[in-house]
Each structure stands twice: as structure tokens, then as C-alpha cells.
>>> print(open('protein.tsv').read())   # TSV, C-alpha atoms and all ligand atoms
chain	number	residue	atom	x	y	z
I	12	MET	CA	142.79	95.40	109.93
I	13	SER	CA	142.84	97.74	106.95
I	14	THR	CA	140.46	96.71	104.24
I	15	ASN	CA	141.11	96.84	100.51
I	16	SER	CA	137.66	95.81	99.63
I	17	SER	CA	134.45	97.76	99.19
I	18	LYS	CA	132.70	94.53	100.19
I	19	GLY	CA	134.51	94.64	103.52
I	20	THR	CA	135.86	91.74	105.53
I	21	ALA	CA	134.26	88.33	106.05
I	22	LEU	CA	135.00	86.67	109.39
I	23	ILE	CA	134.73	82.90	108.88
I	24	THR	CA	134.86	80.49	111.83
I	25	GLY	CA	136.08	76.97	111.17
I	26	ALA	CA	137.95	78.15	108.08
I	27	SER	CA	140.74	75.58	108.36
I	28	SER	CA	138.79	72.82	106.61
I	29	GLY	CA	135.63	71.72	104.87
I	30	ILE	CA	132.74	74.14	104.49
I	31	GLY	CA	134.51	77.11	106.14
I	32	PHE	CA	137.61	76.60	104.01
I	33	THR	CA	135.43	76.60	100.89
I	34	TYR	CA	133.57	79.76	101.95
I	35	ALA	CA	136.99	81.42	102.40
I	36	ASP	CA	137.94	80.56	98.83
I	37	ARG	CA	134.64	81.71	97.35
I	38	LEU	CA	134.40	84.92	99.38
I	39	ALA	CA	137.99	85.92	98.52
I	40	LYS	CA	137.13	85.41	94.84
I	41	ARG	CA	133.99	87.53	95.34
I	42	GLY	CA	136.15	90.42	96.55
I	43	PHE	CA	135.93	90.13	100.33
I	44	ASP	CA	138.92	90.51	102.59
I	45	LEU	CA	139.08	87.68	105.11
I	46	LEU	CA	139.55	87.07	108.80
I	47	LEU	CA	139.99	83.32	109.23
I	48	VAL	CA	139.28	81.73	112.61
I	49	ALA	CA	139.99	78.16	113.84
I	50	ARG	CA	142.41	76.35	116.17
I	51	ASP	CA	144.88	74.99	113.60
I	52	GLN	CA	147.05	78.01	112.87
I	53	SER	CA	149.31	76.27	110.35
I	54	ARG	CA	146.36	75.18	108.19
I	55	LEU	CA	144.89	78.69	108.39
I	56	GLU	CA	148.26	80.22	107.40
I	57	ALA	CA	148.58	77.85	104.44
I	58	LEU	CA	145.08	78.81	103.24
I	59	ALA	CA	145.81	82.50	103.80
I	60	ASN	CA	149.04	82.30	101.78
I	61	ASP	CA	147.27	80.52	98.97
I	62	LEU	CA	144.46	83.09	98.86
I	63	ARG	CA	146.91	86.02	99.03
I	64	ALA	CA	148.80	84.53	96.07
I	65	ASN	CA	145.73	83.80	93.97
I	66	THR	CA	143.27	86.57	94.79
I	67	SER	CA	143.49	90.26	95.67
I	68	ALA	CA	142.07	89.59	99.15
I	69	SER	CA	143.80	90.82	102.26
I	70	VAL	CA	143.75	87.81	104.61
I	71	GLU	CA	144.33	87.67	108.36
I	72	VAL	CA	144.47	84.61	110.57
I	73	LEU	CA	143.06	84.58	114.09
I	74	LYS	CA	143.77	81.41	116.05
I	75	ALA	CA	140.99	80.69	118.53
I	76	ASP	CA	139.48	77.71	120.31
I	77	LEU	CA	135.80	78.59	120.32
I	78	THR	CA	135.10	76.28	123.25
I	79	ASP	CA	137.35	78.56	125.33
I	80	VAL	CA	135.55	81.50	126.93
I	81	ALA	CA	138.53	83.87	126.61
I	82	ASP	CA	139.09	82.99	122.95
I	83	VAL	CA	135.39	83.49	122.14
I	84	ALA	CA	135.55	86.88	123.87
I	85	LYS	CA	138.56	87.81	121.72
I	86	VAL	CA	136.70	87.05	118.48
I	87	GLU	CA	133.54	88.70	119.80
I	88	GLN	CA	135.48	91.87	120.62
I	89	ARG	CA	136.90	91.94	117.12
I	90	LEU	CA	133.36	91.72	115.69
I	91	ARG	CA	132.21	94.58	117.92
I	92	ASP	CA	135.19	96.85	117.24
I	93	ASP	CA	136.21	96.28	113.64
I	94	ALA	CA	133.94	98.32	111.38
I	95	ALA	CA	135.56	96.71	108.31
I	96	ILE	CA	133.78	93.42	109.08
I	97	THR	CA	130.59	93.17	107.00
I	98	LEU	CA	129.96	89.41	106.98
I	99	LEU	CA	130.06	86.71	109.67
I	100	VAL	CA	130.06	83.08	108.55
I	101	ASN	CA	129.23	81.27	111.79
I	102	ASN	CA	130.41	77.87	110.60
I	103	ALA	CA	132.68	76.13	113.14
I	104	GLY	CA	130.98	73.07	114.52
I	105	VAL	CA	131.48	69.49	115.65
I	106	ALA	CA	129.30	66.40	115.47
I	107	LEU	CA	128.79	63.54	117.88
I	108	ASN	CA	128.22	59.88	117.27
I	109	ALA	CA	126.41	58.66	120.36
I	110	PRO	CA	122.87	58.48	121.67
I	111	LEU	CA	122.34	60.80	124.64
I	112	SER	CA	122.10	57.95	127.14
I	113	GLU	CA	125.59	56.76	126.16
I	114	ALA	CA	127.28	60.04	125.34
I	115	ASP	CA	130.39	61.34	127.07
I	116	LEU	CA	129.02	64.46	128.75
I	117	GLY	CA	132.35	66.23	128.33
I	118	ASP	CA	131.93	65.81	124.56
I	119	VAL	CA	128.32	66.99	124.87
I	120	ASP	CA	129.41	70.12	126.74
I	121	ARG	CA	132.12	70.87	124.17
I	122	LEU	CA	129.60	70.48	121.33
I	123	ILE	CA	127.14	72.81	123.05
I	124	SER	CA	129.82	75.39	123.79
I	125	LEU	CA	130.96	75.43	120.13
I	126	ASN	CA	127.75	74.80	118.15
I	127	ILE	CA	125.50	76.90	120.41
I	128	THR	CA	127.28	79.19	122.89
I	129	ALA	CA	130.10	80.48	120.68
I	130	LEU	CA	127.79	80.79	117.67
I	131	THR	CA	125.35	82.81	119.78
I	132	HIS	CA	128.03	85.14	121.17
I	133	LEU	CA	129.45	85.81	117.73
I	134	ALA	CA	126.01	86.36	116.19
I	135	ALA	CA	125.16	88.81	118.99
I	136	ALA	CA	128.40	90.76	118.56
I	137	ALA	CA	128.02	90.87	114.79
I	138	ALA	CA	124.35	91.87	115.01
I	139	ALA	CA	125.19	94.77	117.33
I	140	GLY	CA	127.87	96.13	114.99
I	141	PHE	CA	125.92	95.54	111.79
I	142	VAL	CA	122.71	97.15	113.11
I	143	ALA	CA	124.68	100.18	114.30
I	144	ARG	CA	126.26	100.51	110.85
I	145	LYS	CA	123.02	99.52	109.02
I	146	ARG	CA	125.07	97.10	106.94
I	147	GLY	CA	126.17	93.51	107.20
I	148	ALA	CA	125.18	89.86	106.91
I	149	ILE	CA	125.24	86.80	109.14
I	150	ILE	CA	125.34	83.28	107.70
I	151	ASN	CA	124.71	80.56	110.31
I	152	ILE	CA	125.55	77.02	109.27
I	153	ALA	CA	122.81	74.73	110.61
I	154	SER	CA	121.96	71.35	109.05
I	155	VAL	CA	118.98	69.43	107.69
I	156	VAL	CA	118.95	67.19	110.78
I	157	PRO	CA	116.35	69.33	112.63
I	158	MET	CA	113.97	68.23	109.86
I	159	ILE	CA	114.63	64.56	110.67
I	160	PRO	CA	115.34	64.51	114.44
I	161	GLU	CA	114.21	60.87	114.66
I	162	ARG	CA	117.13	59.82	112.47
I	163	PHE	CA	120.17	61.50	114.05
I	164	ASN	CA	121.66	61.72	117.52
I	165	ALA	CA	119.95	64.03	119.98
I	166	VAL	CA	122.57	66.60	120.93
I	167	TYR	CA	123.93	67.42	117.46
I	168	THR	CA	120.39	67.56	116.07
I	169	ALA	CA	119.15	69.79	118.88
I	170	SER	CA	122.16	72.10	118.47
I	171	LYS	CA	121.31	72.58	114.81
I	172	ALA	CA	117.59	73.11	115.62
I	173	TYR	CA	118.83	75.88	117.90
I	174	VAL	CA	120.84	77.44	115.06
I	175	LEU	CA	117.79	77.37	112.77
I	176	SER	CA	115.49	78.85	115.40
I	177	LEU	CA	118.03	81.50	116.41
I	178	THR	CA	118.39	82.55	112.79
I	179	GLN	CA	114.63	82.81	112.21
I	180	SER	CA	114.13	84.92	115.33
I	181	LEU	CA	117.24	87.00	114.66
I	182	ASN	CA	115.93	87.76	111.20
I	183	ALA	CA	112.65	88.97	112.72
I	184	GLU	CA	114.67	91.17	115.08
I	185	ILE	CA	117.18	92.71	112.67
I	186	GLY	CA	116.19	91.77	109.13
I	187	GLU	CA	114.46	95.09	108.62
I	188	LYS	CA	117.46	96.99	109.97
I	189	GLY	CA	119.75	96.53	107.00
I	190	VAL	CA	121.23	93.20	108.11
I	191	GLN	CA	120.82	90.08	105.98
I	192	VAL	CA	120.51	86.79	107.85
I	193	GLN	CA	120.68	83.27	106.42
I	194	ALA	CA	120.54	79.77	107.90
I	195	VAL	CA	122.17	77.15	105.69
I	196	MET	CA	120.90	73.60	106.11
I	197	PRO	CA	123.28	71.22	104.36
I	198	GLY	CA	122.63	67.52	104.06
I	199	ALA	CA	125.54	65.10	104.28
I	200	THR	CA	128.56	66.86	102.79
I	201	ARG	CA	131.98	65.36	102.18
I	202	THR	CA	134.22	66.96	104.84
I	203	GLU	CA	136.36	65.89	107.79
I	204	ILE	CA	133.52	66.30	110.29
I	205	TRP	CA	132.42	62.69	109.89
I	206	GLU	CA	135.82	61.17	110.58
I	207	ARG	CA	136.42	63.61	113.44
I	208	ALA	CA	133.20	62.35	115.06
I	209	GLY	CA	134.06	58.70	114.40
I	210	MET	CA	131.39	58.26	111.72
I	211	ASP	CA	131.81	56.53	108.39
I	212	LEU	CA	130.50	58.67	105.54
I	213	SER	CA	131.11	55.85	103.07
I	214	ALA	CA	128.21	54.01	104.76
I	215	PHE	CA	125.89	56.60	103.18
I	216	PRO	CA	124.58	55.97	99.67
I	217	ALA	CA	126.67	58.13	97.30
I	218	GLU	CA	123.51	59.85	96.04
I	219	MET	CA	122.96	61.30	99.52
I	220	VAL	CA	126.39	62.95	99.86
I	221	MET	CA	127.21	66.32	98.30
I	222	ASP	CA	130.63	67.61	97.34
I	223	VAL	CA	131.60	70.56	99.53
I	224	ASN	CA	132.20	72.89	96.58
I	225	GLU	CA	128.72	72.31	95.21
I	226	MET	CA	127.22	72.73	98.67
I	227	VAL	CA	128.89	76.10	99.34
I	228	ASP	CA	128.21	77.41	95.84
I	229	ALA	CA	124.52	76.54	96.23
I	230	SER	CA	124.40	78.21	99.65
I	231	LEU	CA	125.94	81.38	98.27
I	232	ALA	CA	123.41	81.31	95.42
I	233	GLY	CA	120.69	81.16	98.11
I	234	PHE	CA	122.40	84.04	99.90
I	235	ASP	CA	122.40	86.08	96.68
I	236	GLN	CA	118.67	85.32	96.36
I	237	LYS	CA	118.23	86.70	99.92
I	238	GLU	CA	116.84	83.40	101.21
I	239	LEU	CA	116.41	83.21	104.97
I	240	VAL	CA	116.79	79.43	104.86
I	241	THR	CA	118.74	77.55	102.22
I	242	ILE	CA	118.58	73.77	101.84
I	243	PRO	CA	121.13	73.14	99.07
I	244	SER	CA	119.69	69.87	97.78
I	245	LEU	CA	115.95	70.58	98.08
I	246	PRO	CA	114.63	70.49	94.49
I	247	ASN	CA	111.38	72.35	95.15
I	248	ALA	CA	111.63	75.53	97.25
I	249	GLU	CA	107.85	75.39	97.76
I	250	ASP	CA	108.28	72.33	100.00
I	251	TRP	CA	110.04	74.49	102.58
I	252	GLN	CA	107.52	77.30	102.22
I	253	ASN	CA	104.65	74.83	102.71
I	254	PHE	CA	106.33	73.59	105.88
I	255	VAL	CA	106.64	77.16	107.19
I	256	ASN	CA	103.03	77.89	106.23
I	257	ALA	CA	101.79	74.80	108.10
I	258	ARG	CA	103.59	76.06	111.19
I	259	LEU	CA	102.23	79.59	110.83
I	260	ALA	CA	98.69	78.24	110.34
I	261	MET	CA	98.81	76.88	113.90
I	262	GLY	CA	99.76	80.35	115.17
I	263	PRO	CA	96.27	81.60	116.17
I	264	ASN	CA	95.70	78.49	118.33
I	265	LEU	CA	99.03	78.16	120.09
I	266	SER	CA	98.19	80.40	123.04
I	267	LEU	CA	94.53	80.58	124.11
I	268	GLN	CA	92.61	81.22	127.32
I	269	HIS	CA	91.19	77.68	127.47
I	270	ALA	CA	92.52	74.19	126.96
I	271	ALA	CA	91.45	72.23	123.91
I	272	ALA	CA	88.27	70.13	124.28
I	273	ARG	CA	90.23	66.86	124.25
I	274	TYR	CA	92.10	67.91	127.44
I	275	LYS	CA	88.99	68.89	129.43
I	276	THR	CA	88.32	66.39	132.22
I	277	SER	CA	84.87	65.79	133.65
I	278	GLY	CA	85.96	67.25	137.03
I	279	ALA	CA	87.14	70.55	135.54
H	1	LIG	P1	135.07	70.12	109.32
H	1	LIG	O1	135.73	69.92	108.01
H	1	LIG	O2	135.38	69.19	110.43
H	1	LIG	O3	135.35	71.63	109.77
H	1	LIG	C1	135.04	72.08	111.05
H	1	LIG	C2	135.78	73.38	111.28
H	1	LIG	O4	135.47	73.83	112.61
H	1	LIG	C3	137.27	73.23	111.17
H	1	LIG	O5	137.80	74.35	110.51
H	1	LIG	C4	137.73	73.20	112.62
H	1	LIG	O6	139.02	73.79	112.70
H	1	LIG	C5	136.69	74.11	113.27
H	1	LIG	N1	136.59	73.83	114.68
H	1	LIG	C6	136.32	72.65	115.28
H	1	LIG	N2	136.40	72.78	116.61
H	1	LIG	C7	136.71	74.08	116.85
H	1	LIG	C8	136.94	74.83	118.03
H	1	LIG	N3	136.86	74.28	119.24
H	1	LIG	N4	137.26	76.14	117.90
H	1	LIG	C9	137.36	76.71	116.68
H	1	LIG	N5	137.15	76.06	115.54
H	1	LIG	C10	136.84	74.75	115.63
H	1	LIG	O7	133.49	70.08	109.18
H	1	LIG	P2	132.45	70.81	108.19
H	1	LIG	O8	131.59	69.74	107.64
H	1	LIG	O9	133.13	71.75	107.28
H	1	LIG	O10	131.57	71.58	109.27
H	1	LIG	C11	131.29	72.97	109.21
H	1	LIG	C12	129.88	73.20	109.72
H	1	LIG	O11	128.96	72.57	108.84
H	1	LIG	C13	129.60	72.62	111.11
H	1	LIG	O12	128.85	73.56	111.86
H	1	LIG	C14	128.76	71.40	110.81
H	1	LIG	O13	127.91	71.05	111.88
H	1	LIG	C15	128.00	71.86	109.59
H	1	LIG	N6	127.43	70.80	108.75
H	1	LIG	C16	128.22	69.87	108.17
H	1	LIG	C17	127.64	68.87	107.40
H	1	LIG	C18	128.47	67.79	106.75
H	1	LIG	O14	127.89	66.75	106.34
H	1	LIG	N7	129.77	68.00	106.58
H	1	LIG	C19	126.24	68.81	107.24
H	1	LIG	C20	125.46	69.77	107.85
H	1	LIG	C21	126.06	70.76	108.60
H	1	LIG	P3	140.19	73.43	113.75
H	1	LIG	O15	140.18	71.97	113.97
H	1	LIG	O16	141.42	73.97	113.07
H	1	LIG	O17	139.84	74.22	114.96
>>> encode(input="protein.tsv", output="C-alpha cells", more="lines below")
Ligand code: NAP
Amino acid sequence: MSTNSSKGTALITGASSGIGFTYADRLAKRGFDLLLVARDQSRLEALANDLRANTSASVEVLKADLTDVADVAKVEQRLRDDAAITLLVNNAGVALNAPLSEADLGDVDRLISLNITALTHLAAAAAAGFVARKRGAIINIASVVPMIPERFNAVYTASKAYVLSLTQSLNAEIGEKGVQVQAVMPGATRTEIWERAGMDLSAFPAEMVMDVNEMVDASLAGFDQKELVTIPSLPNAEDWQNFVNARLAMGPNLSLQHAAARYKTSGA
């Protein structure tokens, strides 16, 4: 794909609706060219036409089912080969609405293959290209649910804990090599994901649900501030830093030669 933009091309997964759709709009207006990925080609084409008409972005559509190994490989290859790509928004994801003991394991496998496996493959491919070119950024869309695992179903929550952890480690691996990495942790946001998963967003108090435009604008503000982790609604950024500091404070005691005194039995 030829690029018009000095910012390069943003590859956005799950761009046909919700958060990904909104990133596409904002990034086109910021001067990125776009490569839009999802399964629904007609919705992607409609968005692409709209953005071509209303911005100067060059927009390409790439239909892919990211639970399909061959389709993931196709997108991955594009990330490895296309030096115009400077930003990956790893956004496509699904939710579930069942406790693990009652879940359809086919649904569980599809969630894992999209939220974890595809996201990992695309992050790896992007990281390789961006490190080689010493330029690029990866935005991984996680969620706040890893902060409240007791209150949300196990598989979706664990998949988003994975995204957060992957992003933190990836930043340690490549953050100093010219590649910016961000995990975005939205709270409940008004998109189709709830209905798709058979959940009723209207059951949430209105004060807990953010409009998708506000959520994406806040996340991009966090990106501009070079935040590693952005929680759009968190009023006090120090709360997150205190949480990280509490974790780091345990560091010196997490791997020691001897067990803690409370685990020592009389026979030992
Ligand atoms: P959404 O409106 O349902 O959008 C999901 C996007 O993912 C769609 O573009 C969908 O497109 C795409 N997608 C789904 N299955 C796919 C597949 N197999 N292959 C390729 N693309 C696929 O939901 P959203 O709220 O914007 O979700 C975006 C991300 O935000 C997800 O990772 C979600 O977990 C996260 N998130 C959402 C909320 C929230 O409250 N909305 C909160 C925290 C985190 P097609 O159907 O066209 O493929």
C-alpha cells in the first residue's frame, strides 16, 4: 500500500464497529493512512468510503476472521512486510456471558483465539517490524476487568489480564528500542460487544457507562502522554502508580532460597 502520510499507516483490528471504528475515525483525522481489519467487509467498505470522502487518509480494507489461523497469518505477514505500517491497534475482541463451569467451550476457544492468540501474533509481527525500523507503536485494548476479577466472568477477565501483562512485558522488551507500547483499560463502554455477548448494558447504572467517543479520545490523550497503561475514567493517575508500586515492593521477596516462616513445618 502506498502511503500519503508522514505518520504512516495504522492497522486497526475490529474496525467495523465500536472502539475500533472510532479509532479509525480519529486516526484518519490525525493524518494516518488506514488498514482496516474485521470480518464484515461491507461495514469496513462503508467506513472506508466515508473516511476517504471526509479526510485525506488513504484507506484500505482487509477482510479477515482473526479466529482463523490462515487469516491471522495473512494480517501478520502484512505487518511484517509493509514498512508503511507504523501503528497497530490490537482491538478486535469478544466477550462471554457465562461462568466457566457453564460456558460453551467452543465459545471459550474462539474467545481465546481472538482475544489472546491473534492479538499475540499481531503484536509479535508488529514488534519485529517496528524494532527493525526503530519506529512504531502498539496499542493493545485490554479492559479494567483484570482489576476486578471477582466481578466478571473468568475467561474474558483472564484474557484481558493476559493483554495487560503482555503489554507490560513487551514494553520492557522493546520500549527502549524506539517502539511505544500502550495498554488501554476501558470500563463499560457503549458498543455492540454487550449485545453480541448476550449481555444487557442497560442493566448498568448510567454513571458507569462511557460513550465510545469519549473513551477513545481519552485513550489517545493517554497515548500522546506516552502512558504505558491508560484507564480512561480513573480520576487520579496516582492510584494506578500506587498499585504498581505495591506490586514492585514485593519484588525482592518473590523468589528466595527459603520458604517463609509461616510455611515451615516442624518436620522440615
Ligand atoms: P464491538 O463493537 O463488538 O467491536 C468488536 C470488533 O471486533 C468488531 O469490529 C468486530 O468486527 C471485530 N471482531 C469480532 N470478532 C472478530 C473476528 N473473529 N475476527 C476479526 N474481527 C472480529 O466491541 P468493542 O466494545 O468495540 O470492543 C473492542 C475491544 O474493546 C475488545 O477487545 C473488547 O474486549 C474491548 N473492551 C470493550 C469494552 C466495552 O465495554 N465495550 C470494555 C473494555 C474493553 P466483525 O464482526 O466485522 O468481525
>>> residues_around(input="protein.tsv", residues="Leu22 of chain I", least_positions_apart="6", cutoff="9 Å", atoms="all atoms listed in the file", output="ChimeraX atom specification")
/I:35,44-48,90,96-101
>>> write_last_selection(input="protein.tsv", atoms="C-alpha atoms", output="short mmCIF file (atom, residue, chain, number, x, y, z; two decimals), keeping the file's coordinate frame")
data_model
loop_
_atom_site.label_atom_id
_atom_site.label_comp_id
_atom_site.auth_asym_id
_atom_site.auth_seq_id
_atom_site.Cartn_x
_atom_site.Cartn_y
_atom_site.Cartn_z
CA ALA I 35 136.99 81.42 102.40
CA ASP I 44 138.92 90.51 102.59
CA LEU I 45 139.08 87.68 105.11
CA LEU I 46 139.55 87.07 108.80
CA LEU I 47 139.99 83.32 109.23
CA VAL I 48 139.28 81.73 112.61
CA LEU I 90 133.36 91.72 115.69
CA ILE I 96 133.78 93.42 109.08
CA THR I 97 130.59 93.17 107.00
CA LEU I 98 129.96 89.41 106.98
CA LEU I 99 130.06 86.71 109.67
CA VAL I 100 130.06 83.08 108.55
CA ASN I 101 129.23 81.27 111.79
#
>>> residues_near_ligand(input="protein.tsv", ligand="ligand LIG 1 (chain H)", cutoff="6 Å", atoms="only C-alpha atoms and all ligand atoms", output="MDAnalysis selection string")
chainID I and resid 25:31 49:51 75:78 102:105 152:154 197:204
>>> residues_around(input="protein.tsv", residues="Ala134 of chain I", least_positions_apart="3", cutoff="9 Å", atoms="all atoms listed in the file", output="PyMOL selection string")
chain I and resi 87+99+101+129-131+137-139+149+151+181
>>> atom_distance(input="protein.tsv", atom1="atom CA of Val190 of chain I", atom2="atom CA of Ile150 of chain I")
10.7 Å
>>> residues_around(input="protein.tsv", residues="segment 79-81 of chain I", least_positions_apart="6", cutoff="12 Å", atoms="only C-alpha atoms", output="CSV table (one decimal) with C-alpha atoms, in the frame of the given file")
chain,number,residue,atom,x,y,z
I,49,ALA,CA,140.0,78.2,113.8
I,50,ARG,CA,142.4,76.4,116.2
I,87,GLU,CA,133.5,88.7,119.8
I,88,GLN,CA,135.5,91.9,120.6
I,120,ASP,CA,129.4,70.1,126.7
I,121,ARG,CA,132.1,70.9,124.2
I,122,LEU,CA,129.6,70.5,121.3
I,123,ILE,CA,127.1,72.8,123.0
I,124,SER,CA,129.8,75.4,123.8
I,125,LEU,CA,131.0,75.4,120.1
I,128,THR,CA,127.3,79.2,122.9
I,129,ALA,CA,130.1,80.5,120.7
I,132,HIS,CA,128.0,85.1,121.2
I,133,LEU,CA,129.4,85.8,117.7
>>> residues_around(input="protein.tsv", residues="Met226 of chain I", least_positions_apart="2", cutoff="10 Å", atoms="only C-alpha atoms", output="mmCIF file with C-alpha atoms, keeping the file's coordinate frame")
data_model
loop_
_atom_site.group_PDB
_atom_site.id
_atom_site.type_symbol
_atom_site.label_atom_id
_atom_site.label_comp_id
_atom_site.auth_asym_id
_atom_site.auth_seq_id
_atom_site.Cartn_x
_atom_site.Cartn_y
_atom_site.Cartn_z
ATOM 1 C CA ILE I 30 132.740 74.140 104.490
ATOM 2 C CA THR I 33 135.430 76.600 100.890
ATOM 3 C CA VAL I 195 122.170 77.150 105.690
ATOM 4 C CA MET I 196 120.900 73.600 106.110
ATOM 5 C CA PRO I 197 123.280 71.220 104.360
ATOM 6 C CA GLY I 198 122.630 67.520 104.060
ATOM 7 C CA ALA I 199 125.540 65.100 104.280
ATOM 8 C CA THR I 200 128.560 66.860 102.790
ATOM 9 C CA ARG I 201 131.980 65.360 102.180
ATOM 10 C CA VAL I 220 126.390 62.950 99.860
ATOM 11 C CA MET I 221 127.210 66.320 98.300
ATOM 12 C CA ASP I 222 130.630 67.610 97.340
ATOM 13 C CA VAL I 223 131.600 70.560 99.530
ATOM 14 C CA ASN I 224 132.200 72.890 96.580
ATOM 15 C CA ASP I 228 128.210 77.410 95.840
ATOM 16 C CA ALA I 229 124.520 76.540 96.230
ATOM 17 C CA SER I 230 124.400 78.210 99.650
ATOM 18 C CA LEU I 231 125.940 81.380 98.270
ATOM 19 C CA ALA I 232 123.410 81.310 95.420
ATOM 20 C CA ILE I 242 118.580 73.770 101.840
ATOM 21 C CA PRO I 243 121.130 73.140 99.070
ATOM 22 C CA SER I 244 119.690 69.870 97.780
#
>>> closest_residue(input="protein.tsv", among="I:Thr20, I:Thr66, I:Asn253, I:Asn126", to="Ala94 of chain I", atoms="all atoms listed in the file")
I:Thr20
>>> atom_distance(input="protein.tsv", atom1="atom CA of Gln179 of chain I", atom2="atom CA of Phe254 of chain I")
13.9 Å
>>> residues_around(input="protein.tsv", residues="Asn60 of chain I", least_positions_apart="3", cutoff="12 Å", atoms="only C-alpha atoms", output="ChimeraX atom specification")
/I:36,45,47,53-57,63-72
>>> atom_distance(input="protein.tsv", atom1="atom CA of Leu175 of chain I", atom2="atom CA of Leu239 of chain I")
9.8 Å
>>> closest_residue(input="protein.tsv", among="I:Leu107, I:Ala217, I:Leu62, I:Met158", to="Trp251 of chain I", atoms="all atoms listed in the file")
I:Met158
>>> closest_residue(input="protein.tsv", among="I:Pro160, I:Pro263, I:Gly42, I:Gly189", to="Gly140 of chain I", atoms="all atoms listed in the file")
I:Gly189
>>> closest_residue(input="protein.tsv", among="I:Val142, I:Leu111, I:Val240, I:Ala135", to="Ile185 of chain I", atoms="only C-alpha atoms")
I:Val142
>>> closest_residue(input="protein.tsv", among="I:Ala183, I:Leu245, I:Ala143, I:Ala136", to="Ala84 of chain I", atoms="only C-alpha atoms")
I:Ala136
>>> axis_aligned_box(input="protein.tsv", around="segment 238-256 of chain I", padding_each_side="5 Å", output="AutoDock Vina command-line options")
--center_x 112.1 --center_y 76.6 --center_z 100.8 --size_x 28.1 --size_y 23.5 --size_z 22.7
>>> closest_residue(input="protein.tsv", among="I:Gly19, I:Gly233, I:Gly186, I:Pro157", to="Asp93 of chain I", atoms="only C-alpha atoms")
I:Gly19
>>> build_atoms(input="protein.tsv", residues="segment 244-258 of chain I", atoms="N, CA and C atoms", output="CSV table (one decimal), keeping the file's coordinate frame")
chain,number,residue,atom,x,y,z
I,244,SER,N,120.1,70.9,98.7
I,244,SER,CA,119.7,69.9,97.8
I,244,SER,C,118.2,69.9,97.5
I,245,LEU,N,117.4,70.7,98.2
I,245,LEU,CA,116.0,70.6,98.1
I,245,LEU,C,115.5,71.0,96.7
I,246,PRO,N,114.9,70.1,95.9
I,246,PRO,CA,114.6,70.5,94.5
I,246,PRO,C,113.5,71.6,94.4
I,247,ASN,N,112.5,71.5,95.3
I,247,ASN,CA,111.4,72.4,95.2
I,247,ASN,C,111.3,73.3,96.4
I,248,ALA,N,111.6,74.6,96.1
I,248,ALA,CA,111.6,75.5,97.2
I,248,ALA,C,110.3,75.6,97.9
I,249,GLU,N,109.2,75.3,97.2
I,249,GLU,CA,107.8,75.4,97.8
I,249,GLU,C,107.7,74.4,98.9
I,250,ASP,N,108.4,73.3,98.9
I,250,ASP,CA,108.3,72.3,100.0
I,250,ASP,C,108.6,73.0,101.3
I,251,TRP,N,109.7,73.8,101.3
I,251,TRP,CA,110.0,74.5,102.6
I,251,TRP,C,109.0,75.5,102.9
I,252,GLN,N,108.5,76.3,101.9
I,252,GLN,CA,107.5,77.3,102.2
I,252,GLN,C,106.2,76.7,102.8
I,253,ASN,N,105.8,75.5,102.2
I,253,ASN,CA,104.6,74.8,102.7
I,253,ASN,C,104.8,74.4,104.2
I,254,PHE,N,106.0,74.0,104.5
I,254,PHE,CA,106.3,73.6,105.9
I,254,PHE,C,106.2,74.8,106.8
I,255,VAL,N,106.7,75.9,106.4
I,255,VAL,CA,106.6,77.2,107.2
I,255,VAL,C,105.2,77.6,107.3
I,256,ASN,N,104.4,77.5,106.2
I,256,ASN,CA,103.0,77.9,106.2
I,256,ASN,C,102.2,77.0,107.2
I,257,ALA,N,102.5,75.7,107.2
I,257,ALA,CA,101.8,74.8,108.1
I,257,ALA,C,102.0,75.2,109.6
I,258,ARG,N,103.3,75.6,109.8
I,258,ARG,CA,103.6,76.1,111.2
I,258,ARG,C,102.8,77.4,111.5
